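Shown next: structure-v8.cif, given as mmCIF, C-alpha atoms.
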data_target
loop_
_atom_site.label_atom_id
_atom_site.label_comp_id
_atom_site.auth_asym_id
_atom_site.auth_seq_id
_atom_site.Cartn_x
_atom_site.Cartn_y
_atom_site.Cartn_z
CA MET V 1 7.81 162.96 -202.87
CA PRO V 2 9.97 164.45 -200.18
CA HIS V 3 8.71 162.78 -197.04
CA LEU V 4 9.11 163.42 -193.35
CA ALA V 5 6.95 161.67 -190.78
CA ASP V 6 6.68 164.97 -188.87
CA PRO V 7 3.36 166.66 -189.82
CA ASN V 8 4.94 170.06 -189.08
CA PHE V 9 6.78 169.74 -192.39
CA ARG V 10 4.23 168.14 -194.74
CA GLN V 11 4.30 170.12 -198.00
CA THR V 12 6.27 172.98 -196.49
CA VAL V 13 8.80 175.38 -197.89
CA VAL V 14 11.44 176.43 -195.37
CA LEU V 15 13.57 179.55 -195.71
CA ILE V 16 16.89 178.77 -194.04
CA LEU V 17 17.95 181.85 -192.10
CA GLU V 18 21.30 180.62 -190.78
CA HIS V 19 23.37 177.50 -191.43
CA ASP V 20 26.77 176.60 -189.99
CA GLU V 21 28.68 173.62 -188.56
CA GLU V 22 26.49 173.63 -185.43
CA GLY V 23 23.24 173.25 -187.38
CA CYS V 24 20.69 175.49 -189.00
CA PHE V 25 17.37 177.17 -188.48
CA GLY V 26 14.72 178.78 -190.61
CA VAL V 27 11.02 179.47 -190.95
CA VAL V 28 8.24 177.69 -192.81
CA ILE V 29 7.02 180.29 -195.31
CA ASN V 30 3.75 178.70 -196.43
CA ARG V 31 1.79 178.11 -193.21
CA PRO V 32 -0.34 181.11 -192.24
CA GLY V 33 -1.56 180.88 -188.66
CA PRO V 34 -4.82 181.99 -187.04
CA LEU V 35 -3.45 185.19 -185.47
CA THR V 36 -2.87 188.44 -187.34
CA VAL V 37 0.05 190.84 -187.29
CA SER V 38 -2.33 193.64 -186.32
CA ASP V 39 -3.32 191.57 -183.23
CA LEU V 40 0.35 191.24 -182.27
CA CYS V 41 1.06 194.92 -182.83
CA GLU V 42 -2.02 196.01 -180.90
CA ASN V 43 -0.94 193.80 -178.00
CA GLN V 44 2.53 195.40 -178.11
CA HIS V 45 1.12 198.95 -178.49
CA ILE V 46 2.61 199.32 -181.97
CA GLU V 47 0.74 201.04 -184.78
CA TRP V 48 0.57 198.64 -187.76
CA LYS V 49 0.23 200.29 -191.20
CA GLY V 50 0.20 197.08 -193.21
CA ASP V 51 -2.66 194.78 -194.15
CA ARG V 52 -4.68 194.43 -190.96
CA PHE V 53 -5.59 190.85 -191.93
CA ALA V 54 -1.98 189.77 -192.61
CA PRO V 55 -1.46 186.50 -190.73
CA ILE V 56 1.36 185.58 -188.42
CA TYR V 57 2.91 182.57 -190.14
CA ILE V 58 3.74 179.38 -188.26
CA GLY V 59 7.53 179.38 -188.63
CA GLY V 60 7.98 175.97 -187.05
CA PRO V 61 7.56 173.94 -183.89
CA VAL V 62 10.47 175.43 -181.92
CA ARG V 63 9.62 178.24 -179.47
CA PRO V 64 6.21 178.91 -181.07
CA THR V 65 5.71 182.13 -179.08
CA SER V 66 8.95 183.71 -180.37
CA VAL V 67 8.47 186.35 -183.07
CA TRP V 68 10.65 186.33 -186.19
CA ILE V 69 10.49 189.06 -188.80
CA VAL V 70 11.64 188.47 -192.37
CA HIS V 71 11.74 191.54 -194.60
CA ASN V 72 13.26 192.87 -197.81
CA GLY V 73 14.27 196.31 -196.53
CA GLY V 74 17.88 197.27 -196.01
CA LEU V 75 17.24 198.24 -192.40
CA ASP V 76 20.09 199.41 -190.25
CA VAL V 77 18.55 198.09 -187.04
CA PRO V 78 20.65 196.22 -184.46
CA GLY V 79 20.00 192.49 -184.65
CA THR V 80 19.06 192.44 -188.34
CA THR V 81 20.86 189.70 -190.27
CA GLU V 82 21.11 188.99 -193.99
CA ALA V 83 19.42 185.68 -194.87
CA GLY V 84 20.06 185.81 -198.60
CA PRO V 85 19.36 188.02 -201.60
CA GLY V 86 16.41 190.28 -200.81
CA CYS V 87 15.79 188.78 -197.36
CA GLN V 88 16.83 189.91 -193.92
CA PHE V 89 15.58 188.68 -190.56
CA THR V 90 15.42 189.90 -187.02
CA ILE V 91 13.77 189.24 -183.69
CA SER V 92 14.26 192.84 -182.59
CA ARG V 93 11.34 194.78 -181.09
CA GLU V 94 12.96 197.92 -182.51
CA ALA V 95 12.77 196.42 -186.01
CA LEU V 96 9.10 195.55 -185.52
CA ASP V 97 8.43 199.16 -184.47
CA THR V 98 10.22 200.40 -187.59
CA LEU V 99 8.73 197.88 -190.04
CA ALA V 100 5.18 198.38 -188.77
CA ASN V 101 5.27 201.92 -190.16
CA MET V 102 6.96 201.16 -193.49
CA GLU V 103 4.28 200.50 -196.08
CA THR V 104 6.75 199.95 -198.94
CA VAL V 105 8.80 197.20 -197.28
CA GLN V 106 7.72 193.61 -197.75
CA ARG V 107 7.66 191.78 -194.45
CA ARG V 108 6.39 188.58 -192.92
CA ILE V 109 5.98 187.82 -189.25
CA TYR V 110 6.49 184.28 -187.98
CA GLY V 111 5.71 182.63 -184.68
CA GLY V 112 8.32 180.01 -183.87
CA TYR V 113 11.02 178.55 -186.05
CA SER V 114 12.36 175.26 -187.40
CA GLY V 115 15.75 174.06 -186.20
CA TRP V 116 18.18 171.24 -186.89
CA GLY V 117 21.28 170.11 -185.02
CA ALA V 118 24.73 169.61 -186.56
CA GLY V 119 24.47 167.43 -189.67
CA GLN V 120 20.76 166.73 -189.18
CA VAL V 121 19.36 168.61 -192.16
CA GLU V 122 22.19 167.33 -194.38
CA ALA V 123 21.25 163.75 -193.44
CA GLU V 124 17.58 164.46 -194.17
CA ILE V 125 18.54 165.90 -197.58
CA ARG V 126 20.60 162.76 -198.38
CA GLN V 127 17.57 160.63 -197.42
CA GLY V 128 15.42 162.58 -199.88
CA ALA V 129 13.33 164.36 -197.25
CA TRP V 130 14.02 167.81 -198.69
CA ILE V 131 14.47 169.37 -202.11
CA VAL V 132 16.98 172.23 -202.00
CA SER V 133 16.91 175.42 -204.05
CA GLU V 134 18.07 179.00 -203.81
CA ALA V 135 15.94 181.37 -201.76
CA ASP V 136 13.55 183.39 -203.90
CA PRO V 137 12.17 186.61 -202.38
CA GLN V 138 9.14 186.37 -204.70
CA LEU V 139 8.18 183.12 -202.97
CA VAL V 140 9.11 184.33 -199.49
CA PHE V 141 6.79 187.33 -199.79
CA SER V 142 4.17 185.71 -202.05
CA PRO V 143 0.63 186.72 -201.16
CA ALA V 144 -0.57 183.23 -202.12
CA ALA V 145 0.77 181.05 -199.30
CA ASP V 146 -1.31 178.09 -200.50
CA GLN V 147 0.59 178.11 -203.83
CA ILE V 148 4.17 178.47 -202.54
CA TRP V 149 4.87 174.72 -202.31
CA ASP V 150 3.75 174.09 -205.92
CA LEU V 151 5.63 177.15 -207.19
CA ALA V 152 8.83 176.17 -205.35
CA LEU V 153 8.74 172.68 -206.89
CA ARG V 154 8.08 174.05 -210.37
CA GLN V 155 11.05 176.44 -210.00
CA VAL V 156 13.37 173.43 -209.66
CA GLY V 157 11.71 171.64 -212.59
CA ILE V 158 9.38 169.31 -210.67
CA ASP V 159 5.71 168.98 -211.53
CA PRO V 160 3.95 168.48 -208.16
CA THR V 161 1.31 166.29 -209.82
CA THR V 162 3.99 163.67 -210.58
CA LEU V 163 4.90 163.15 -206.92
CA VAL V 164 3.65 160.08 -205.11
CA PRO V 165 3.16 160.56 -201.34
CA GLY V 166 5.67 158.71 -199.19
CA SER V 167 7.58 157.05 -202.02
CA GLY V 168 10.53 159.45 -202.10
CA GLU V 169 10.69 159.02 -205.86
CA LEU V 170 9.24 160.76 -208.86
CA GLN V 171 6.77 158.79 -210.92
#

Render the structure in this file as C-alpha cells.
Amino acid sequence: MPHLADPNFRQTVVLILEHDEEGCFGVVINRPGPLTVSDLCENQHIEWKGDRFAPIYIGGPVRPTSVWIVHNGGLDVPGTTEAGPGCQFTISREALDTLANMETVQRRIYGGYSGWGAGQVEAEIRQGAWIVSEADPQLVFSPAADQIWDLALRQVGIDPTTLVPGSGELQ
C-alpha cells in the first residue's frame, strides 16, 4: 500500500495543480471538511446558488485558511490556470463571485493545499509512497468523496482490498 507516515495523506487522492523544477502543489480531493461553501460565501457576502450543504474540502496542511477553487468551466477570469483536461483552478475572489452564480459549472472549494519542494514528490514516488495516474475530472468532481480513493486505485488496475497497510507492496 502506498504509505506515508503523515496522517494528512492517509488514503488520499491529490490533484496536482502545478508541477515544475521548483516543486509542486495540489489539493486533496477526497477529504470533505466541516465547513460548507455556503458558510464561506455568506461570510464573504456572496450569493451561493449551488448545493448549500456542499463542503469545503481540506486541500492539505499548507495555509489551511487559503481558499482554492477547482472548476470545469472555461472561465476567462484573471488568475485562472489550467490544471489538466477539464480542470482549472484559481484563488481569485472574482472567480468565486462568478462561480457562485453558475449552476451548470462543476466546482469544488478547498481550504489549504499540499506542497512539495524540488524533487520531493519524485523521491516519494520512487519510494512507493504515491501511485500516479492522469487526472480524471469525474473523480475530481465526484459527489462520493468517500469512494474516490477506491475508484482512483481501480482506474489504474489496483484492487484496494489487495493492499496491505504499511507494506508498500501488493499482496

If you count only C-alpha atoms, which residues fall within 8 Å of region 102-115 of chain V, apart from same-chain ones fewer than 4 positions away, as a PDB file with C-alpha atoms, in the coordinates of the input?
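Output file result.pdb is given in full below:
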ATOM      1  CA  GLY V  23      23.240 173.250-187.380  1.00  0.00           C
ATOM      2  CA  CYS V  24      20.690 175.490-189.000  1.00  0.00           C
ATOM      3  CA  PHE V  25      17.370 177.170-188.480  1.00  0.00           C
ATOM      4  CA  GLY V  26      14.720 178.780-190.610  1.00  0.00           C
ATOM      5  CA  VAL V  27      11.020 179.470-190.950  1.00  0.00           C
ATOM      6  CA  VAL V  28       8.240 177.690-192.810  1.00  0.00           C
ATOM      7  CA  VAL V  37       0.050 190.840-187.290  1.00  0.00           C
ATOM      8  CA  LYS V  49       0.230 200.290-191.200  1.00  0.00           C
ATOM      9  CA  GLY V  50       0.200 197.080-193.210  1.00  0.00           C
ATOM     10  CA  PRO V  55      -1.460 186.500-190.730  1.00  0.00           C
ATOM     11  CA  ILE V  56       1.360 185.580-188.420  1.00  0.00           C
ATOM     12  CA  TYR V  57       2.910 182.570-190.140  1.00  0.00           C
ATOM     13  CA  ILE V  58       3.740 179.380-188.260  1.00  0.00           C
ATOM     14  CA  GLY V  59       7.530 179.380-188.630  1.00  0.00           C
ATOM     15  CA  GLY V  60       7.980 175.970-187.050  1.00  0.00           C
ATOM     16  CA  PRO V  61       7.560 173.940-183.890  1.00  0.00           C
ATOM     17  CA  VAL V  62      10.470 175.430-181.920  1.00  0.00           C
ATOM     18  CA  ARG V  63       9.620 178.240-179.470  1.00  0.00           C
ATOM     19  CA  PRO V  64       6.210 178.910-181.070  1.00  0.00           C
ATOM     20  CA  THR V  65       5.710 182.130-179.080  1.00  0.00           C
ATOM     21  CA  SER V  66       8.950 183.710-180.370  1.00  0.00           C
ATOM     22  CA  VAL V  67       8.470 186.350-183.070  1.00  0.00           C
ATOM     23  CA  TRP V  68      10.650 186.330-186.190  1.00  0.00           C
ATOM     24  CA  ILE V  69      10.490 189.060-188.800  1.00  0.00           C
ATOM     25  CA  VAL V  70      11.640 188.470-192.370  1.00  0.00           C
ATOM     26  CA  HIS V  71      11.740 191.540-194.600  1.00  0.00           C
ATOM     27  CA  ASN V  72      13.260 192.870-197.810  1.00  0.00           C
ATOM     28  CA  GLY V  73      14.270 196.310-196.530  1.00  0.00           C
ATOM     29  CA  THR V  98      10.220 200.400-187.590  1.00  0.00           C
ATOM     30  CA  PHE V 141       6.790 187.330-199.790  1.00  0.00           C
TER      31      PHE V 141
END

Residues in the PyMOL selection byres ((chain V and resi 7-20) around 9), expressed as a PDB file with C-alpha atoms, in the coordinates of the input:
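File written: out_6.pdb
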ATOM      1  CA  PRO V   2       9.970 164.450-200.180  1.00  0.00           C
ATOM      2  CA  HIS V   3       8.710 162.780-197.040  1.00  0.00           C
ATOM      3  CA  LEU V   4       9.110 163.420-193.350  1.00  0.00           C
ATOM      4  CA  ALA V   5       6.950 161.670-190.780  1.00  0.00           C
ATOM      5  CA  ASP V   6       6.680 164.970-188.870  1.00  0.00           C
ATOM      6  CA  GLU V  21      28.680 173.620-188.560  1.00  0.00           C
ATOM      7  CA  GLU V  22      26.490 173.630-185.430  1.00  0.00           C
ATOM      8  CA  GLY V  23      23.240 173.250-187.380  1.00  0.00           C
ATOM      9  CA  CYS V  24      20.690 175.490-189.000  1.00  0.00           C
ATOM     10  CA  PHE V  25      17.370 177.170-188.480  1.00  0.00           C
ATOM     11  CA  GLY V  26      14.720 178.780-190.610  1.00  0.00           C
ATOM     12  CA  VAL V  27      11.020 179.470-190.950  1.00  0.00           C
ATOM     13  CA  VAL V  28       8.240 177.690-192.810  1.00  0.00           C
ATOM     14  CA  ILE V  29       7.020 180.290-195.310  1.00  0.00           C
ATOM     15  CA  ASN V  30       3.750 178.700-196.430  1.00  0.00           C
ATOM     16  CA  ARG V  31       1.790 178.110-193.210  1.00  0.00           C
ATOM     17  CA  GLY V  59       7.530 179.380-188.630  1.00  0.00           C
ATOM     18  CA  GLY V  60       7.980 175.970-187.050  1.00  0.00           C
ATOM     19  CA  PRO V  61       7.560 173.940-183.890  1.00  0.00           C
ATOM     20  CA  THR V  81      20.860 189.700-190.270  1.00  0.00           C
ATOM     21  CA  GLU V  82      21.110 188.990-193.990  1.00  0.00           C
ATOM     22  CA  ALA V  83      19.420 185.680-194.870  1.00  0.00           C
ATOM     23  CA  GLY V  84      20.060 185.810-198.600  1.00  0.00           C
ATOM     24  CA  CYS V  87      15.790 188.780-197.360  1.00  0.00           C
ATOM     25  CA  GLN V  88      16.830 189.910-193.920  1.00  0.00           C
ATOM     26  CA  PHE V  89      15.580 188.680-190.560  1.00  0.00           C
ATOM     27  CA  SER V 114      12.360 175.260-187.400  1.00  0.00           C
ATOM     28  CA  ALA V 118      24.730 169.610-186.560  1.00  0.00           C
ATOM     29  CA  ALA V 135      15.940 181.370-201.760  1.00  0.00           C
ATOM     30  CA  VAL V 140       9.110 184.330-199.490  1.00  0.00           C
ATOM     31  CA  ILE V 148       4.170 178.470-202.540  1.00  0.00           C
ATOM     32  CA  TRP V 149       4.870 174.720-202.310  1.00  0.00           C
ATOM     33  CA  ASP V 150       3.750 174.090-205.920  1.00  0.00           C
ATOM     34  CA  ALA V 152       8.830 176.170-205.350  1.00  0.00           C
TER      35      ALA V 152
END

Handout entry: Computed interatomic separation between CA of Gly119 (chain V) and CA of Ser133 (chain V) (Å)
Key = 18.1 Å

Exercise for the section: Using CA of Trp48 (chain V) and CA of Gln147 (chain V) as the two end points, give the distance in Å to one decimal. Expected result: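 So the answer is 26.1 Å.
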
Practice task
Kindly give the distance, in Å, that separates CA of Glu42 (chain V) and CA of Asp146 (chain V), rounded to a single decimal.
Solution key: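 A separation of 26.6 Å between them.
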
Axis-aligned box over every listed atom of region 94-110 of chain V, padded by 3 Å per side: centre and edges in Å to one decimal, as lines of an AutoDock Vina configuration file?
center_x = 8.6
center_y = 193.1
center_z = -190.7
size_x = 14.7
size_y = 23.6
size_z = 22.4

Run the PyMOL selection byres ((chain V and resi 76-78) around 10) on the file and write out the hits as a PDB file with C-alpha atoms, in the coordinates of the input.
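Done, and the output landed in selection_27.pdb:
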ATOM      1  CA  GLY V  73      14.270 196.310-196.530  1.00  0.00           C
ATOM      2  CA  GLY V  74      17.880 197.270-196.010  1.00  0.00           C
ATOM      3  CA  LEU V  75      17.240 198.240-192.400  1.00  0.00           C
ATOM      4  CA  GLY V  79      20.000 192.490-184.650  1.00  0.00           C
ATOM      5  CA  THR V  80      19.060 192.440-188.340  1.00  0.00           C
ATOM      6  CA  THR V  81      20.860 189.700-190.270  1.00  0.00           C
ATOM      7  CA  THR V  90      15.420 189.900-187.020  1.00  0.00           C
ATOM      8  CA  ILE V  91      13.770 189.240-183.690  1.00  0.00           C
ATOM      9  CA  SER V  92      14.260 192.840-182.590  1.00  0.00           C
ATOM     10  CA  ARG V  93      11.340 194.780-181.090  1.00  0.00           C
ATOM     11  CA  GLU V  94      12.960 197.920-182.510  1.00  0.00           C
ATOM     12  CA  ALA V  95      12.770 196.420-186.010  1.00  0.00           C
ATOM     13  CA  LEU V  96       9.100 195.550-185.520  1.00  0.00           C
ATOM     14  CA  THR V  98      10.220 200.400-187.590  1.00  0.00           C
TER      15      THR V  98
END
